[in-house]
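S.K.: Pasting a structure below so you can have a look.
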Amino acid sequence: MPRLTKDDVQPVGFKLNGRPVVVRVTPRTLLTDALRHEIGATGTHVGCEHGVCGACTVQVDGEPARACLMLAHQADGCDIRTVEGLAQGDALTPLQEAFRAHFALQCGFCTAGILMTLDALFSRQPDADEDAIREALSGHLCRCTGYAPIVQAALTARNRIKGGPIDA
Ligand code: FES
Ligand code: FES
């Protein structure tokens with residue numbers, strides 16, 4: 001079997017927000033580029049492209065992952081979830097509602113990645129405390145908000161997801 005070169009285009013299949021997709025990419029195409037340029041899913045942002053800022057965070061099989069550090073081929077067969085997969089039509093998730101209510105975004109560049117990290121956190125740890133939330137956020141850079149409204153929004157969303165009082 002001939003070896004692939006860096007320019008050979010091959011199909012890669014994965015689920016994106018529950019729907020099967022196939023993209024044709026080279027061996028070194030990044031997942032961010034496949035999502036944004038091949039599929040048009042531009043909700044996933046690209047900042048540093050070095051795994052530092054967290055802007056590109058998506059969920060891979062339920063776990064947050066830096067899409068700028070993944071090759072598209074590594075997503076083959078995976079379940080990929082992006083910010084486009086959160087809201088159902090006009091119905092925002094409690095986390096998105098809380099971000100809006102607490103003004104937890106300004107320019108919004110960091111927001112998609114942060115939402116995907118917090119969504120994954122609350123899926124596996126619905127009663128995550130403030131320390132756990134801050135730990136999860138430690139991999140995300142936000143130049144606008146000072147983080148306090150993001151943490152407050154996360155706490156509000158956690159309370160709503162748990163079904164308790166919003167401001168507990
Ligand atoms: S763009 Fe991926 S971590 Fe910054
Ligand atoms: S809202 Fe602007 S970088 Fe976070």
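By order of appearance in the structure tokens: chains A, B, ..., then residues from 1 within every chain, and ligands from 1 in the order shown.
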Excluding Gly54 (chain A) and its own-chain neighbours fewer than 6 positions away, which residues fall within 12 Å of it when counting only C-alpha atoms? Please give them as a list in words.

M.R.: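 In the requested format, the answer is Thr44, His45, Val46, Gly47, Cys48, Pro64, Ala65, Arg66, Ala67, Cys68, Leu69, Phe109, Cys110, Thr111, Ala112, Gly113, Ile114, Leu115, Met116, Thr117, Ala136, Leu137, Ser138, Gly139, His140, Leu141 and Cys142 of chain A.
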
S.K.: Run DSSP on the backbone of this structure and report the residues of region 19-132 of chain A it assigns to helix (DSSP H, G or I), as a PDB file with N, CA and C atoms, in the first residue's frame.

M.R.:
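Output below, filename out_4.pdb:
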```pdb
ATOM      1  N   LEU A  31      -8.005  19.662  13.347  1.00  0.00           N
ATOM      2  CA  LEU A  31      -9.458  19.548  13.553  1.00  0.00           C
ATOM      3  C   LEU A  31     -10.117  20.924  13.475  1.00  0.00           C
ATOM      4  N   THR A  32      -9.453  21.951  14.000  1.00  0.00           N
ATOM      5  CA  THR A  32     -10.020  23.303  13.897  1.00  0.00           C
ATOM      6  C   THR A  32     -10.256  23.680  12.438  1.00  0.00           C
ATOM      7  N   ASP A  33      -9.305  23.401  11.599  1.00  0.00           N
ATOM      8  CA  ASP A  33      -9.442  23.776  10.184  1.00  0.00           C
ATOM      9  C   ASP A  33     -10.518  22.941   9.494  1.00  0.00           C
ATOM     10  N   ALA A  34     -10.597  21.664   9.863  1.00  0.00           N
ATOM     11  CA  ALA A  34     -11.651  20.830   9.276  1.00  0.00           C
ATOM     12  C   ALA A  34     -13.022  21.364   9.677  1.00  0.00           C
ATOM     13  N   LEU A  35     -13.173  21.705  10.948  1.00  0.00           N
ATOM     14  CA  LEU A  35     -14.468  22.205  11.421  1.00  0.00           C
ATOM     15  C   LEU A  35     -14.817  23.530  10.747  1.00  0.00           C
ATOM     16  N   ARG A  36     -13.880  24.455  10.774  1.00  0.00           N
ATOM     17  CA  ARG A  36     -14.174  25.813  10.320  1.00  0.00           C
ATOM     18  C   ARG A  36     -14.195  25.923   8.790  1.00  0.00           C
ATOM     19  N   HIS A  37     -13.192  25.336   8.146  1.00  0.00           N
ATOM     20  CA  HIS A  37     -13.040  25.585   6.706  1.00  0.00           C
ATOM     21  C   HIS A  37     -13.714  24.526   5.837  1.00  0.00           C
ATOM     22  N   GLU A  38     -13.721  23.281   6.314  1.00  0.00           N
ATOM     23  CA  GLU A  38     -14.337  22.229   5.496  1.00  0.00           C
ATOM     24  C   GLU A  38     -15.834  22.114   5.769  1.00  0.00           C
ATOM     25  N   ILE A  39     -16.229  22.322   7.030  1.00  0.00           N
ATOM     26  CA  ILE A  39     -17.635  22.128   7.396  1.00  0.00           C
ATOM     27  C   ILE A  39     -18.361  23.461   7.553  1.00  0.00           C
ATOM     28  N   ALA A  67      -9.015  21.625  19.965  1.00  0.00           N
ATOM     29  CA  ALA A  67      -9.107  21.194  18.566  1.00  0.00           C
ATOM     30  C   ALA A  67      -7.907  21.646  17.749  1.00  0.00           C
ATOM     31  N   CYS A  68      -7.175  22.656  18.256  1.00  0.00           N
ATOM     32  CA  CYS A  68      -5.982  23.104  17.518  1.00  0.00           C
ATOM     33  C   CYS A  68      -4.802  22.172  17.727  1.00  0.00           C
ATOM     34  N   LEU A  69      -4.937  21.259  18.689  1.00  0.00           N
ATOM     35  CA  LEU A  69      -3.863  20.294  18.934  1.00  0.00           C
ATOM     36  C   LEU A  69      -4.211  18.913  18.397  1.00  0.00           C
ATOM     37  N   ALA A  72      -7.335  16.301  12.225  1.00  0.00           N
ATOM     38  CA  ALA A  72      -8.679  15.879  11.853  1.00  0.00           C
ATOM     39  C   ALA A  72      -8.761  14.356  11.801  1.00  0.00           C
ATOM     40  N   HIS A  73      -7.698  13.706  11.365  1.00  0.00           N
ATOM     41  CA  HIS A  73      -7.711  12.239  11.287  1.00  0.00           C
ATOM     42  C   HIS A  73      -7.868  11.593  12.653  1.00  0.00           C
ATOM     43  N   GLN A  74      -7.437  12.291  13.707  1.00  0.00           N
ATOM     44  CA  GLN A  74      -7.593  11.720  15.051  1.00  0.00           C
ATOM     45  C   GLN A  74      -9.055  11.724  15.493  1.00  0.00           C
ATOM     46  N   ALA A  75      -9.880  12.490  14.804  1.00  0.00           N
ATOM     47  CA  ALA A  75     -11.311  12.538  15.150  1.00  0.00           C
ATOM     48  C   ALA A  75     -12.089  11.417  14.477  1.00  0.00           C
ATOM     49  N   VAL A  83     -19.836  24.224  20.071  1.00  0.00           N
ATOM     50  CA  VAL A  83     -20.797  25.166  20.653  1.00  0.00           C
ATOM     51  C   VAL A  83     -22.105  25.178  19.863  1.00  0.00           C
ATOM     52  N   GLU A  84     -22.049  24.872  18.574  1.00  0.00           N
ATOM     53  CA  GLU A  84     -23.274  24.839  17.768  1.00  0.00           C
ATOM     54  C   GLU A  84     -24.226  23.742  18.246  1.00  0.00           C
ATOM     55  N   GLY A  85     -23.691  22.766  19.004  1.00  0.00           N
ATOM     56  CA  GLY A  85     -24.519  21.653  19.454  1.00  0.00           C
ATOM     57  C   GLY A  85     -25.168  21.891  20.805  1.00  0.00           C
ATOM     58  N   PRO A  94     -29.109  26.076  30.154  1.00  0.00           N
ATOM     59  CA  PRO A  94     -28.971  26.874  31.379  1.00  0.00           C
ATOM     60  C   PRO A  94     -27.615  27.591  31.449  1.00  0.00           C
ATOM     61  N   LEU A  95     -26.582  26.936  30.965  1.00  0.00           N
ATOM     62  CA  LEU A  95     -25.251  27.560  30.993  1.00  0.00           C
ATOM     63  C   LEU A  95     -25.213  28.790  30.077  1.00  0.00           C
ATOM     64  N   GLN A  96     -25.752  28.662  28.895  1.00  0.00           N
ATOM     65  CA  GLN A  96     -25.779  29.808  27.985  1.00  0.00           C
ATOM     66  C   GLN A  96     -26.654  30.929  28.549  1.00  0.00           C
ATOM     67  N   GLU A  97     -27.802  30.557  29.126  1.00  0.00           N
ATOM     68  CA  GLU A  97     -28.683  31.558  29.738  1.00  0.00           C
ATOM     69  C   GLU A  97     -27.950  32.303  30.847  1.00  0.00           C
ATOM     70  N   ALA A  98     -27.207  31.557  31.653  1.00  0.00           N
ATOM     71  CA  ALA A  98     -26.501  32.173  32.773  1.00  0.00           C
ATOM     72  C   ALA A  98     -25.401  33.109  32.272  1.00  0.00           C
ATOM     73  N   PHE A  99     -24.722  32.725  31.198  1.00  0.00           N
ATOM     74  CA  PHE A  99     -23.702  33.616  30.634  1.00  0.00           C
ATOM     75  C   PHE A  99     -24.336  34.927  30.182  1.00  0.00           C
ATOM     76  N   ARG A 100     -25.510  34.815  29.586  1.00  0.00           N
ATOM     77  CA  ARG A 100     -26.174  36.033  29.141  1.00  0.00           C
ATOM     78  C   ARG A 100     -26.614  36.868  30.341  1.00  0.00           C
ATOM     79  N   ALA A 101     -27.181  36.211  31.336  1.00  0.00           N
ATOM     80  CA  ALA A 101     -27.706  36.947  32.492  1.00  0.00           C
ATOM     81  C   ALA A 101     -26.602  37.641  33.278  1.00  0.00           C
ATOM     82  N   THR A 111     -15.569  32.515  24.519  1.00  0.00           N
ATOM     83  CA  THR A 111     -16.787  31.972  25.133  1.00  0.00           C
ATOM     84  C   THR A 111     -17.122  30.553  24.686  1.00  0.00           C
ATOM     85  N   ALA A 112     -17.005  30.278  23.406  1.00  0.00           N
ATOM     86  CA  ALA A 112     -17.382  28.941  22.923  1.00  0.00           C
ATOM     87  C   ALA A 112     -16.553  27.866  23.620  1.00  0.00           C
ATOM     88  N   GLY A 113     -15.260  28.102  23.722  1.00  0.00           N
ATOM     89  CA  GLY A 113     -14.394  27.114  24.368  1.00  0.00           C
ATOM     90  C   GLY A 113     -14.739  26.942  25.834  1.00  0.00           C
ATOM     91  N   ILE A 114     -15.004  28.053  26.518  1.00  0.00           N
ATOM     92  CA  ILE A 114     -15.340  27.982  27.939  1.00  0.00           C
ATOM     93  C   ILE A 114     -16.660  27.232  28.133  1.00  0.00           C
ATOM     94  N   LEU A 115     -17.624  27.510  27.290  1.00  0.00           N
ATOM     95  CA  LEU A 115     -18.911  26.809  27.404  1.00  0.00           C
ATOM     96  C   LEU A 115     -18.724  25.301  27.245  1.00  0.00           C
ATOM     97  N   MET A 116     -17.879  24.893  26.306  1.00  0.00           N
ATOM     98  CA  MET A 116     -17.706  23.462  26.089  1.00  0.00           C
ATOM     99  C   MET A 116     -16.995  22.803  27.268  1.00  0.00           C
ATOM    100  N   THR A 117     -16.057  23.521  27.878  1.00  0.00           N
ATOM    101  CA  THR A 117     -15.385  22.972  29.064  1.00  0.00           C
ATOM    102  C   THR A 117     -16.354  22.867  30.232  1.00  0.00           C
ATOM    103  N   LEU A 118     -17.130  23.926  30.482  1.00  0.00           N
ATOM    104  CA  LEU A 118     -18.054  23.900  31.621  1.00  0.00           C
ATOM    105  C   LEU A 118     -19.179  22.888  31.387  1.00  0.00           C
ATOM    106  N   ASP A 119     -19.663  22.782  30.158  1.00  0.00           N
ATOM    107  CA  ASP A 119     -20.703  21.798  29.853  1.00  0.00           C
ATOM    108  C   ASP A 119     -20.200  20.384  30.161  1.00  0.00           C
ATOM    109  N   ALA A 120     -18.967  20.104  29.781  1.00  0.00           N
ATOM    110  CA  ALA A 120     -18.399  18.775  30.061  1.00  0.00           C
ATOM    111  C   ALA A 120     -18.221  18.586  31.562  1.00  0.00           C
ATOM    112  N   LEU A 121     -17.798  19.645  32.258  1.00  0.00           N
ATOM    113  CA  LEU A 121     -17.618  19.550  33.710  1.00  0.00           C
ATOM    114  C   LEU A 121     -18.936  19.196  34.389  1.00  0.00           C
ATOM    115  N   PHE A 122     -20.007  19.903  34.044  1.00  0.00           N
ATOM    116  CA  PHE A 122     -21.282  19.666  34.718  1.00  0.00           C
ATOM    117  C   PHE A 122     -21.889  18.319  34.315  1.00  0.00           C
ATOM    118  N   SER A 123     -21.514  17.812  33.154  1.00  0.00           N
ATOM    119  CA  SER A 123     -22.006  16.483  32.764  1.00  0.00           C
ATOM    120  C   SER A 123     -21.423  15.399  33.657  1.00  0.00           C
ATOM    121  N   ARG A 124     -20.158  15.540  33.985  1.00  0.00           N
ATOM    122  CA  ARG A 124     -19.562  14.481  34.796  1.00  0.00           C
ATOM    123  C   ARG A 124     -19.561  14.827  36.281  1.00  0.00           C
ATOM    124  N   GLU A 130     -17.000  25.800  43.493  1.00  0.00           N
ATOM    125  CA  GLU A 130     -16.299  26.915  42.843  1.00  0.00           C
ATOM    126  C   GLU A 130     -14.844  26.572  42.539  1.00  0.00           C
ATOM    127  N   ASP A 131     -14.209  25.831  43.435  1.00  0.00           N
ATOM    128  CA  ASP A 131     -12.813  25.453  43.167  1.00  0.00           C
ATOM    129  C   ASP A 131     -12.711  24.602  41.901  1.00  0.00           C
ATOM    130  N   ALA A 132     -13.643  23.655  41.755  1.00  0.00           N
ATOM    131  CA  ALA A 132     -13.612  22.786  40.567  1.00  0.00           C
ATOM    132  C   ALA A 132     -13.890  23.598  39.310  1.00  0.00           C
TER     133      ALA A 132
END
```

S.K.: Work out how far atom 4 (Fe, counted along the ligand's line) of ligand 1 is from CA of Gly43 (chain A), in Å to one decimal.

M.R.: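 Taking CA of Gly43 (chain A) and atom 4 (Fe, counted along the ligand's line) of ligand 1, their separation equals 13.9 Å.
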
S.K.: Please report the interatomic distance between CA of Val52 (chain A) and CA of Ala104 (chain A) in Å with one decimal.

M.R.: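 One can read the CA of Val52 (chain A) to CA of Ala104 (chain A) distance as 20.5 Å.
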
S.K.: So that I can see what lies close to Arg81 (chain A), please list as number ranges by chain the residues with an atom at most 7 Å from it, counting only C-alpha atoms and leaving out residues fewer than 2 positions away in the same chain.

M.R.: A: 16-17, 58-60, 79, 83, 85

S.K.: Those same residues - C-alpha atoms - I'd like them written as a PDB file, in the first residue's frame.

M.R.:
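Just written: selection.pdb:
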```pdb
ATOM      1  CA  LEU A  16     -20.590  16.394  14.702  1.00  0.00           C
ATOM      2  CA  ASN A  17     -23.253  17.442  17.159  1.00  0.00           C
ATOM      3  CA  VAL A  58     -14.576  21.191  21.729  1.00  0.00           C
ATOM      4  CA  GLN A  59     -15.798  17.943  23.273  1.00  0.00           C
ATOM      5  CA  VAL A  60     -14.377  14.697  21.949  1.00  0.00           C
ATOM      6  CA  ASP A  79     -18.318  11.996  18.708  1.00  0.00           C
ATOM      7  CA  VAL A  83     -20.797  25.166  20.653  1.00  0.00           C
ATOM      8  CA  GLY A  85     -24.519  21.653  19.454  1.00  0.00           C
TER       9      GLY A  85
END
```

S.K.: Could you please write out, as a PyMOL selection string, every residue of chain A that DSSP assigns to strand (DSSP E)?

M.R.: chain A and resi 10-16+19-25+57-60+63-66+79-81

S.K.: Have a look at CA of Asp61 (chain A) and CA of Lys15 (chain A) and let me know their distance in Å, one decimal.

M.R.: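 For CA of Asp61 (chain A) relative to CA of Lys15 (chain A), the distance reads 9.7 Å.
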